[in-house]
Amino acid sequence: MPQRFDLIVFDWDGTLFDSTALIVKSMQSAAADLGLTPPSRERASYVIGMGLLEALRYALPDLDAADYPKLGERYRQHYFASAHEVTLFDGVPAMLEALKARHHWLAVATGKSRRGLDEALAAVKMERLFDGTRTADETASKPHPQMLLELMREFGADPERTLMIGDTSHDLELARNAGCPAVAVTYGAHAHDSLRRYDPLLVAHDVPSLQAWLLQHA
């Protein structure tokens, strides 16, 4: 069967990397460090996928603008102190290896910083599997389409032959803004109903079902 997609772009946190709980805890701890009322789990998890500054502004909207850098620094300290405890979702390495064997280009588009993504990729020894990556501190934050537009331009991939896979509405809106089809996963940050309204090609509830669909339809 001919391949439908040349380029498959994954979100990182909550899609490949099981870090949702750590991100929420780090954001809540950072707020507590500054004597602020921590955001709820729902509010903190909603921002996953955004760039850090945009995420903090949403999670704690009443903070003085001058205090966001301090909050961001506390967040990074909490996150990196425990990042080594987090790993890929079960089945992710095998899925990526299978897609690589089919000669898809694989990429990551993430709200993480370049430092954060590079350290995570090195920790799980996955650098060789990805042909391209984009982070929120080197391009526009999701859901702006710039990440996908840059990756498509890098590989000469057309929008209709580029697939975005993510666990948040920011990922699916990114795909829509770039004119690309998308697949949603529900084992990350956002609930099924908030993802379904973007009409993804698939809503996958675990990595095995995502892999099975990709090997048959991608």
# chains A, B, ... in the order shown; residues from 1 in each chain; ligands from 1
>>> select_by_dssp(residues="region 63-206 of chain A", states="strand (DSSP E or B)", output="PyMOL selection string")
chain A and resi 88+105-110+132-135+162-166+182-185+203-204
>>> select_by_dssp(residues="region 72-150 of chain A", states="alpha helix (DSSP H)", output="NGL selection string")
:A and (72-82 or 92-101 or 114-124 or 146-150)
>>> closest_atom_pairs(of="region 7-56 of chain A", to="region 207-212 of chain A", cutoff="12 Å", atoms="only C-alpha atoms", output="CSV")
residue,atom,partner,partner_atom,distance
A:Phe10,CA,A:Leu210,CA,11.9
A:Gly14,CA,A:Val207,CA,11.3
A:Thr15,CA,A:Val207,CA,8.8
A:Leu16,CA,A:Val207,CA,8.7
A:Phe17,CA,A:Val207,CA,11.3
A:Asp18,CA,A:Val207,CA,11.5
>>> residues_around(residues="Asp137 (chain A)", least_positions_apart="6", cutoff="8 Å", atoms="only C-alpha atoms", output="PyMOL selection string")
chain A and resi 51+111-114
>>> closest_atom_pairs(of="region 137-180 of chain A", to="region 94-104 of chain A", cutoff="12 Å", atoms="only C-alpha atoms", output="Markdown table")
| residue | atom | partner | partner_atom | distance |
| --- | --- | --- | --- | --- |
| A:Phe155 | CA | A:His104 | CA | 10.9 |
| A:Ala157 | CA | A:His104 | CA | 10.9 |
| A:Arg161 | CA | A:His104 | CA | 10.5 |
| A:Thr162 | CA | A:His104 | CA | 10.0 |
| A:Leu163 | CA | A:His104 | CA | 10.6 |
>>> residues_around(residues="Pro145 (chain A)", least_positions_apart="6", cutoff="7 Å", atoms="only C-alpha atoms", output="list in words")
Leu174, Asn177 and Ala178 of chain A
